[in-house]
Each structure stands twice: as C-alpha cells, then as structure tokens.
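Enquirer: Sending over upload10.csv (CSV, C-alpha atoms).
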```csv
chain,number,residue,atom,x,y,z
A,1,MET,CA,7.2,28.5,-11.8
A,2,LYS,CA,6.0,25.0,-11.5
A,3,PHE,CA,6.9,22.2,-13.9
A,4,ALA,CA,5.3,18.8,-14.3
A,5,THR,CA,5.7,15.7,-16.4
A,6,ILE,CA,2.5,14.7,-18.1
A,7,GLU,CA,1.3,11.8,-20.3
A,8,ASN,CA,-1.1,12.5,-23.1
A,9,THR,CA,-3.8,10.2,-24.4
A,10,ALA,CA,-1.3,8.8,-27.0
A,11,GLY,CA,1.0,7.7,-24.1
A,12,GLU,CA,3.6,10.4,-24.9
A,13,LEU,CA,5.5,12.0,-22.0
A,14,SER,CA,6.4,15.7,-22.0
A,15,VAL,CA,7.6,18.4,-19.6
A,16,VAL,CA,5.2,21.2,-19.1
A,17,LEU,CA,4.9,24.6,-17.3
A,18,VAL,CA,2.0,24.6,-15.0
A,19,ASN,CA,-0.3,27.2,-13.5
A,20,SER,CA,-1.5,25.4,-10.4
A,21,GLU,CA,-4.2,28.0,-9.7
A,22,THR,CA,-6.0,27.7,-13.1
A,23,GLU,CA,-4.9,24.1,-13.6
A,24,ARG,CA,-3.6,24.8,-17.1
A,25,PHE,CA,-0.3,23.9,-18.7
A,26,TRP,CA,2.1,24.8,-21.6
A,27,PRO,CA,4.5,22.2,-23.1
A,28,VAL,CA,8.1,23.4,-22.6
A,29,SER,CA,8.8,22.1,-26.2
A,30,GLU,CA,6.3,24.7,-27.5
A,31,LEU,CA,7.8,27.6,-25.4
A,32,ILE,CA,11.4,26.7,-26.3
A,33,SER,CA,11.9,25.6,-29.9
A,34,GLY,CA,13.9,22.4,-30.2
A,35,PHE,CA,13.6,21.3,-26.5
A,36,LYS,CA,12.8,17.6,-26.4
A,37,GLY,CA,14.2,16.6,-23.1
A,38,ASP,CA,12.8,15.3,-19.8
A,39,MET,CA,12.8,17.0,-16.5
A,40,ASN,CA,16.4,16.1,-15.9
A,41,GLN,CA,17.3,17.9,-19.1
A,42,LEU,CA,15.3,21.0,-18.1
A,43,VAL,CA,17.1,21.1,-14.8
A,44,LEU,CA,20.5,20.7,-16.5
A,45,GLU,CA,19.8,23.5,-19.0
A,46,TRP,CA,17.8,25.7,-16.6
A,47,ALA,CA,20.2,28.7,-16.5
A,48,THR,CA,20.0,29.2,-20.2
A,49,LEU,CA,16.3,28.3,-20.7
A,50,LYS,CA,14.5,30.0,-17.8
A,51,SER,CA,14.3,33.5,-19.4
A,52,ASP,CA,12.5,32.1,-22.4
A,53,LEU,CA,9.8,30.2,-20.5
A,54,VAL,CA,6.9,32.6,-20.8
A,55,PRO,CA,3.5,31.1,-21.2
A,56,HIS,CA,1.2,32.4,-24.0
A,57,GLY,CA,-2.5,31.8,-24.7
A,58,GLU,CA,-4.8,30.0,-22.4
A,59,GLY,CA,-2.9,26.8,-22.2
A,60,THR,CA,-4.4,23.3,-21.9
A,61,ALA,CA,-6.4,21.8,-19.0
A,62,LEU,CA,-4.5,19.5,-16.7
A,63,GLU,CA,-7.6,17.3,-16.5
A,64,SER,CA,-7.0,16.3,-20.1
A,65,VAL,CA,-3.7,14.5,-19.3
A,66,THR,CA,-2.2,12.3,-16.6
A,67,LEU,CA,0.3,13.6,-14.2
A,68,LYS,CA,3.4,11.4,-13.9
A,69,ALA,CA,6.2,11.7,-11.3
A,70,PRO,CA,7.7,15.1,-12.0
A,71,ILE,CA,11.3,13.7,-12.2
A,72,LEU,CA,12.7,10.2,-12.4
A,73,PRO,CA,16.1,10.4,-10.7
A,74,ARG,CA,19.0,8.9,-12.5
A,75,ARG,CA,20.4,7.5,-9.3
A,76,ASN,CA,19.3,6.8,-5.7
A,77,LEU,CA,17.5,9.5,-3.8
A,78,PHE,CA,19.3,10.9,-0.8
A,79,CYS,CA,17.0,10.7,2.2
A,80,VAL,CA,17.3,12.0,5.8
A,81,GLY,CA,16.0,10.3,8.9
A,82,LYS,CA,15.0,11.8,12.3
A,83,ASN,CA,15.2,15.4,11.1
A,84,TYR,CA,12.4,16.9,13.3
A,85,HIS,CA,12.8,16.8,17.1
A,86,GLU,CA,9.3,15.5,17.9
A,87,HIS,CA,9.5,12.8,15.2
A,88,ALA,CA,12.9,11.8,16.5
A,89,ALA,CA,11.3,11.4,20.0
A,90,GLU,CA,8.4,9.3,18.7
A,91,PHE,CA,10.7,7.1,16.7
A,92,SER,CA,12.9,6.6,19.7
A,93,LYS,CA,9.9,5.5,21.9
A,94,SER,CA,8.5,3.2,19.2
A,95,GLY,CA,11.0,0.4,19.6
A,96,PHE,CA,11.7,0.4,15.9
A,97,ASP,CA,14.9,2.6,16.0
A,98,HIS,CA,18.2,0.6,16.0
A,99,SER,CA,20.2,3.5,14.6
A,100,ALA,CA,20.6,5.6,17.8
A,101,LYS,CA,23.3,5.6,20.4
A,102,GLU,CA,22.1,4.6,23.9
A,103,GLY,CA,20.0,7.4,25.4
A,104,GLU,CA,20.1,9.4,22.1
A,105,ILE,CA,17.0,11.0,20.7
A,106,ALA,CA,18.0,13.6,18.2
A,107,PRO,CA,21.0,12.6,16.1
A,108,GLU,CA,24.3,14.6,16.4
A,109,PHE,CA,24.8,14.5,12.6
A,110,PRO,CA,22.4,14.0,9.7
A,111,VAL,CA,21.2,10.4,9.3
A,112,VAL,CA,21.4,9.7,5.5
A,113,PHE,CA,20.0,6.7,3.7
A,114,THR,CA,18.8,6.1,0.1
A,115,LYS,CA,15.8,4.9,-1.9
A,116,THR,CA,16.1,3.5,-5.4
A,117,PRO,CA,14.7,5.3,-8.4
A,118,ASP,CA,12.2,2.4,-8.8
A,119,THR,CA,10.4,3.6,-5.7
A,120,VAL,CA,9.2,6.7,-7.5
A,121,ILE,CA,5.5,6.8,-8.5
A,122,ALA,CA,3.2,9.7,-9.3
A,123,THR,CA,0.4,11.4,-7.5
A,124,ASN,CA,-2.8,9.3,-7.9
A,125,ASP,CA,-0.8,6.2,-8.5
A,126,LYS,CA,-1.6,3.2,-6.3
A,127,ILE,CA,1.0,2.5,-3.6
A,128,PRO,CA,1.8,-1.2,-3.8
A,129,ARG,CA,0.7,-3.1,-0.7
A,130,HIS,CA,3.5,-5.7,-0.7
A,131,ALA,CA,1.5,-7.8,1.6
A,132,ASP,CA,3.8,-10.8,1.0
A,133,VAL,CA,6.8,-8.7,2.3
A,134,THR,CA,5.4,-6.4,5.1
A,135,SER,CA,2.5,-6.2,7.5
A,136,GLN,CA,3.6,-2.8,8.9
A,137,LEU,CA,3.1,-0.2,6.1
A,138,ASP,CA,3.7,3.4,7.2
A,139,TYR,CA,3.6,6.9,5.7
A,140,GLU,CA,6.0,9.8,6.0
A,141,ALA,CA,5.2,13.3,4.7
A,142,GLU,CA,8.4,14.9,3.4
A,143,PHE,CA,9.8,18.0,1.7
A,144,ALA,CA,12.2,17.2,-1.2
A,145,VAL,CA,14.9,19.3,-2.7
A,146,ILE,CA,15.8,19.1,-6.4
A,147,ILE,CA,19.5,19.9,-7.1
A,148,GLY,CA,20.0,22.3,-10.1
A,149,LYS,CA,23.7,23.2,-10.1
A,150,GLY,CA,25.8,20.2,-9.2
A,151,GLY,CA,29.0,20.3,-7.2
A,152,ARG,CA,31.2,18.7,-4.6
A,153,GLY,CA,32.3,20.3,-1.3
A,154,ILE,CA,29.4,22.9,-1.4
A,155,ALA,CA,29.5,25.3,1.5
A,156,LYS,CA,26.3,26.1,3.5
A,157,ALA,CA,26.6,29.7,2.4
A,158,ASP,CA,26.4,28.7,-1.2
A,159,ALA,CA,23.9,25.8,-0.9
A,160,TYR,CA,20.7,27.6,-2.0
A,161,GLY,CA,22.5,28.5,-5.3
A,162,HIS,CA,22.5,24.8,-6.1
A,163,VAL,CA,18.8,24.3,-5.7
A,164,PHE,CA,16.5,24.1,-8.7
A,165,GLY,CA,13.3,23.6,-6.8
A,166,TYR,CA,11.2,21.6,-4.4
A,167,THR,CA,8.5,18.8,-4.5
A,168,ILE,CA,6.6,16.6,-2.1
A,169,VAL,CA,7.5,13.0,-1.3
A,170,ASN,CA,5.8,10.3,0.8
A,171,ASP,CA,8.7,8.2,2.2
A,172,MET,CA,6.7,5.0,2.5
A,173,THR,CA,8.3,2.5,4.9
A,174,ALA,CA,7.9,-1.2,5.8
A,175,ARG,CA,8.5,-0.8,9.6
A,176,ASP,CA,9.0,-4.5,10.2
A,177,LEU,CA,11.8,-4.7,7.5
A,178,GLN,CA,13.3,-1.5,8.9
A,179,LYS,CA,13.4,-3.0,12.4
A,180,ASN,CA,14.4,-6.6,11.5
A,181,HIS,CA,17.3,-5.6,9.2
A,182,ARG,CA,18.7,-2.9,11.5
A,183,GLN,CA,19.1,-0.5,8.6
A,184,TRP,CA,16.7,1.5,6.5
A,185,PHE,CA,17.4,0.7,2.8
A,186,LEU,CA,15.2,-2.5,2.4
A,187,GLY,CA,12.3,-1.1,4.5
A,188,LYS,CA,12.2,2.1,2.4
A,189,SER,CA,13.1,0.9,-1.1
A,190,LEU,CA,10.3,-1.5,-2.0
A,191,ASP,CA,9.1,-0.8,-5.5
A,192,GLY,CA,6.6,2.1,-5.5
A,193,PHE,CA,7.5,3.3,-2.1
A,194,CYS,CA,8.2,6.9,-3.1
A,195,PRO,CA,5.1,8.8,-4.3
A,196,MET,CA,6.3,12.1,-5.6
A,197,GLY,CA,4.7,15.2,-7.0
A,198,PRO,CA,2.4,16.6,-8.1
A,199,TRP,CA,5.1,18.8,-9.7
A,200,ILE,CA,8.3,20.7,-9.0
A,201,ALA,CA,8.0,24.3,-7.7
A,202,THR,CA,11.1,26.4,-8.5
A,203,ALA,CA,13.1,27.6,-5.6
A,204,ASP,CA,11.6,31.1,-5.6
A,205,GLU,CA,8.1,29.7,-5.1
A,206,VAL,CA,8.5,28.2,-1.6
A,207,ASP,CA,9.4,29.9,1.7
A,208,VAL,CA,11.6,27.2,3.1
A,209,GLU,CA,11.9,29.0,6.5
A,210,ASP,CA,8.1,29.0,7.0
A,211,ALA,CA,6.3,26.5,4.8
A,212,THR,CA,3.7,24.2,6.4
A,213,ILE,CA,3.8,20.5,5.8
A,214,GLN,CA,0.7,18.4,6.5
A,215,CYS,CA,-0.5,14.9,6.0
A,216,TRP,CA,-4.0,13.3,6.2
A,217,VAL,CA,-4.9,9.6,6.2
A,218,ASN,CA,-8.4,9.0,5.1
A,219,GLY,CA,-9.2,12.7,5.9
A,220,GLU,CA,-7.7,12.6,9.4
A,221,LEU,CA,-4.9,15.1,10.0
A,222,ARG,CA,-1.9,13.1,11.2
A,223,GLN,CA,1.1,15.4,10.6
A,224,ASN,CA,1.1,19.2,10.9
A,225,SER,CA,4.4,20.9,11.0
A,226,ASN,CA,6.7,23.5,9.3
A,227,ILE,CA,9.8,23.1,7.2
A,228,GLY,CA,11.5,25.7,9.3
A,229,GLN,CA,11.6,23.2,12.2
A,230,LEU,CA,14.1,20.9,10.5
A,231,ILE,CA,16.9,19.9,12.8
A,232,PHE,CA,19.4,20.0,10.0
A,233,ASP,CA,18.3,22.6,7.4
A,234,ILE,CA,18.7,22.4,3.7
A,235,PRO,CA,22.1,24.1,3.5
A,236,THR,CA,23.5,21.7,6.2
A,237,LEU,CA,22.2,18.7,4.3
A,238,ILE,CA,23.7,19.9,1.0
A,239,GLU,CA,27.0,20.6,2.6
A,240,THR,CA,27.0,17.2,4.4
A,241,ILE,CA,26.2,15.1,1.4
A,242,SER,CA,28.4,17.0,-1.1
A,243,ALA,CA,31.4,16.9,1.2
A,244,GLY,CA,32.5,13.6,-0.4
A,245,ILE,CA,29.9,12.9,-3.0
A,246,GLU,CA,29.5,15.1,-6.1
A,247,LEU,CA,25.9,16.2,-6.3
A,248,LYS,CA,24.5,16.3,-9.8
A,249,PRO,CA,21.7,18.2,-11.5
A,250,GLY,CA,18.4,16.3,-10.9
A,251,ASP,CA,19.5,14.7,-7.7
A,252,VAL,CA,16.8,14.5,-5.1
A,253,ILE,CA,17.3,15.1,-1.3
A,254,VAL,CA,14.3,14.1,0.8
A,255,THR,CA,14.6,16.1,4.1
A,256,GLY,CA,12.8,14.0,6.7
A,257,THR,CA,9.3,13.7,8.3
A,258,PRO,CA,7.6,15.5,11.2
A,259,VAL,CA,5.8,13.9,14.1
A,260,GLY,CA,2.6,11.9,13.5
A,261,VAL,CA,3.7,8.8,11.6
A,262,GLY,CA,1.9,5.5,12.1
A,263,ILE,CA,4.4,4.0,14.6
A,264,GLY,CA,4.0,7.1,16.8
A,265,PHE,CA,0.6,6.0,17.9
A,266,THR,CA,-0.2,3.5,20.7
A,267,PRO,CA,-0.9,1.0,19.2
A,268,PRO,CA,0.7,1.8,15.9
A,269,ARG,CA,-1.7,2.8,13.1
A,270,PHE,CA,-0.3,1.1,10.0
A,271,LEU,CA,-1.8,1.6,6.5
A,272,GLN,CA,-4.2,-0.9,5.0
A,273,SER,CA,-5.4,-1.5,1.5
A,274,GLY,CA,-7.8,1.3,0.4
A,275,ASP,CA,-6.3,3.9,2.8
A,276,VAL,CA,-5.7,7.3,1.2
A,277,VAL,CA,-2.7,9.4,2.1
A,278,ARG,CA,-2.7,13.1,1.2
A,279,ILE,CA,0.3,15.4,1.8
A,280,GLU,CA,0.3,19.2,1.3
A,281,VAL,CA,3.2,21.7,1.4
A,282,ALA,CA,2.6,25.4,1.2
A,283,GLY,CA,3.8,26.8,-2.0
A,284,ILE,CA,3.8,23.5,-3.8
A,285,GLY,CA,0.5,21.7,-3.7
A,286,ALA,CA,-0.9,18.3,-2.8
A,287,LEU,CA,0.3,14.7,-3.3
A,288,GLU,CA,-2.4,12.0,-2.9
A,289,ASN,CA,-2.2,8.2,-3.2
A,290,GLU,CA,-4.3,5.2,-2.2
A,291,VAL,CA,-2.8,2.0,-1.0
A,292,ALA,CA,-3.5,-0.8,-3.5
A,293,GLU,CA,-5.5,-3.9,-2.7
```
Could I get this file's structure written as structure tokens?

Expert:
Amino acid sequence: MKFATIENTAGELSVVLVNSETERFWPVSELISGFKGDMNQLVLEWATLKSDLVPHGEGTALESVTLKAPILPRRNLFCVGKNYHEHAAEFSKSGFDHSAKEGEIAPEFPVVFTKTPDTVIATNDKIPRHADVTSQLDYEAEFAVIIGKGGRGIAKADAYGHVFGYTIVNDMTARDLQKNHRQWFLGKSLDGFCPMGPWIATADEVDVEDATIQCWVNGELRQNSNIGQLIFDIPTLIETISAGIELKPGDVIVTGTPVGVGIGFTPPRFLQSGDVVRIEVAGIGALENEVAE
C-alpha cells in the first residue's frame, strides 16, 4: 500500500490511501471509523489498523488535491553519508570532504548526521535558493526508511520487522557550508532542504535488494544506481543507530546517495534558480522539485 498526506481546497490535511497507477485516493478516516490522526499516528497504530484498510468505490482523483510531505518527523531525521562506494570516491576527490581519515575513501563505520524537521517539504514545492547563505547548492537522491515499530538495541536480524515503509528524499546540501564548517549539519539543514515524497510505500511494496534509484536535473540523468549497492545496508543502519538511541515510530532514516552529485563533476555543477530535480525509486514513484528564484 501507499499512503500520502494531502491538502484539500479548504486547506484541511488528511492521510489517504493511494493507488499510484490510477492516481486515485481514499481518506483513511473514511476507511477506518474514528481515525483522525496524521501519518505519525497511522504508523503508530499500523499493526491494529492495516487489516481494515480496504479501498472501496472509485476513490477521488489526486489532481483535485495538493500532495504534502507524507510525514513530518517529530524529531531530526537520521541521515547517512558516503554509503555508496562510487559516491564515496567522488566525494573524496572533490576536496569537500573533511570527515575522512587520511587515505580513506569508504568509511569503516556508517557516517551519521541529522537534518531538522523544518527541512522537510513536499514534491512540487519550491526548494529555497538561500542565495544569501550559499552559492554551492547541490542535490542528493536518497532512499528513506520510515520506522514503524520502535526499539533500542535492535539486531540486524530483526531490523526489517521495525520498518513501516519507504519514501524518497532529496538531501539538499550547501557544499560551501559543509566544507567551511567541517561538519554536515549546517550545510544540510537549511530550511526546505529535504524534499520528501510523493508518498510512503509500505515495506512489502519495495524490493530493497534490487530497487533502482535515479536522478535527473533538467531532464539530464545524473544519478543511476541501485539500493542493493549500499555499503551499509538497512539492517546495519538500524542496528547502528538503535544501539544507543531508541528509535521511535515515524523516525526517518535517509540512507545515502549514489555517484553523480554536482560536486562530482569537473568543474562542479551546482544547482541554480529554475533548475528542476526529479528523483525516481522503483516501487515508490517520483519526487520532483524546482529551485526557487
């Protein structure tokens, strides 16, 4: 199943079940009497609600509403850097990486940083240009995990049992801030720097061992890889993060980007106002955003 957060013409938000092929939806509140929660609440109650989520009738056309970010995390997103070998190599050569040991390309352990909840915007929303803060705006196509069942000290063997579903994220980055401050939080947490969506696909919808991830900038294919090529796979990331931090329902883990980001080119190809970034992941759909003026 796929679930989205939508806004109707009256400005009201609701969680809906989506058929991405027919582009129709059914409000969860109509399928389950008494449900009035947001996506976080759906994730929290998933075990008891899922058997009753059966669409009926034709549903409503998605074109009649506005897609919002599928989930607004209640705390910072957990993000992972340098998690594809080829991207780790391009980042190492770029001169922007101050996180590596001398001579290191791929990290020995997962590199984890965070983005604030205020970074999250929806598909079709404009990405803020922040021209007064950065001149080196970059894109990163990423596959994101939505935690369903929380826990601390989760073993790799049990990790997939804690996953509710998956979505797409564009881990926007101000490369000059990332380089100058010698850490990643400021460069990746400017407001609006986390386009997310278009919806969440439940865990059974996506083949995480063989799902393609692709990114186009103004129609030019820049990134073309496969989730199965992650250096640290999803169970490893869940085990690593939860070892000392209790994961909670609705937490978002953003798993890293493949080769082909702007700093990987010579000279770098940074985003400019009016550029359009489109990211597709097999089994989920497409996330598309334009950089604002």

Enquirer: Have a look at CA of Lys126 (chain A) and CA of Glu205 (chain A) and let me know their distance in Å, one decimal.

Expert: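 Between CA of Lys126 (chain A) and CA of Glu205 (chain A) the gap is 28.2 Å.
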
Enquirer: Please determine, counting all atoms listed in the file, which residue among A:Asn8, A:Thr255, A:Thr119, A:Ser94 has the shortest atom-to-atom distance to Asp176 (chain A).

Expert: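 Using all atoms listed in the file, Asp176 (chain A) sits closest to A:Ser94.
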
Enquirer: Return the single residue from A:Thr257, A:Gln178, A:Ser242, A:Asn170 that is closest to Thr123 (chain A), with distances computed using only C-alpha atoms.

Expert: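 Of the candidates, the smallest distance to Thr123 (chain A) is held by A:Asn170.
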
Enquirer: List every protein, DNA or RNA residue that has at least one atom no more than 7 Å from (12.3, 8.6, -12.0) in the file's coordinates, counting only C-alpha atoms, and write the result as a VMD selection string.

Expert: chain A and resid 69 71 to 74 117 to 118 120

Enquirer: Could you tell me which of A:Ile245, A:Ile279, A:Met196, A:Val80 comes closest to Trp184 (chain A) if we count only C-alpha atoms?

Expert: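 Once distances to Trp184 (chain A) are computed over only C-alpha atoms, the minimum belongs to A:Val80.
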
Enquirer: I need the residue nearest Ile263 (chain A) from this list: A:Ile168, A:Ile146, A:Glu86, A:Lys93. Use all atoms listed in the file for the distance.

Expert: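 For Ile263 (chain A), the nearest of the candidates is A:Lys93.
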
Enquirer: Would you compute the distance between CA of Glu142 (chain A) and CA of Ala89 (chain A)? Give it in Å to one decimal.

Expert: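 Separating CA of Glu142 (chain A) from CA of Ala89 (chain A) is a distance of 17.2 Å.
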
Enquirer: At a cut-off of 10 Å from (2.4, 11.0, 1.9) in the coordinates of the file, what residues are picked up using only C-alpha atoms, written as a PyMOL selection string?

Expert: chain A and resi 123+138-142+168-172+194-196+214-217+223+257+276-280+286-290

Enquirer: Using CA of Ile284 (chain A) and CA of Ala201 (chain A) as the two end points, give the distance in Å to one decimal.

Expert: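 Answer for the CA of Ile284 (chain A) to CA of Ala201 (chain A) separation: 5.8 Å.
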
Enquirer: My list of candidates is A:Glu246, A:Thr114, A:Arg24, A:Phe265. Which is closest to Ser189 (chain A) when distances are computed with all atoms listed in the file?

Expert: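 Looking at the shortest contact to Ser189 (chain A), the residue is A:Thr114.
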
Enquirer: Using only C-alpha atoms, determine which residues lie at most 8 Å from Ile227 (chain A), disregarding the query and same-chain residues fewer than 6 positions distant; provide the list as a list in words.

Expert: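 Once the nearby chain positions are removed, what remains is Phe143, Val208, Glu209, Asp210, Ala211, Thr212 and Ile213 of chain A.
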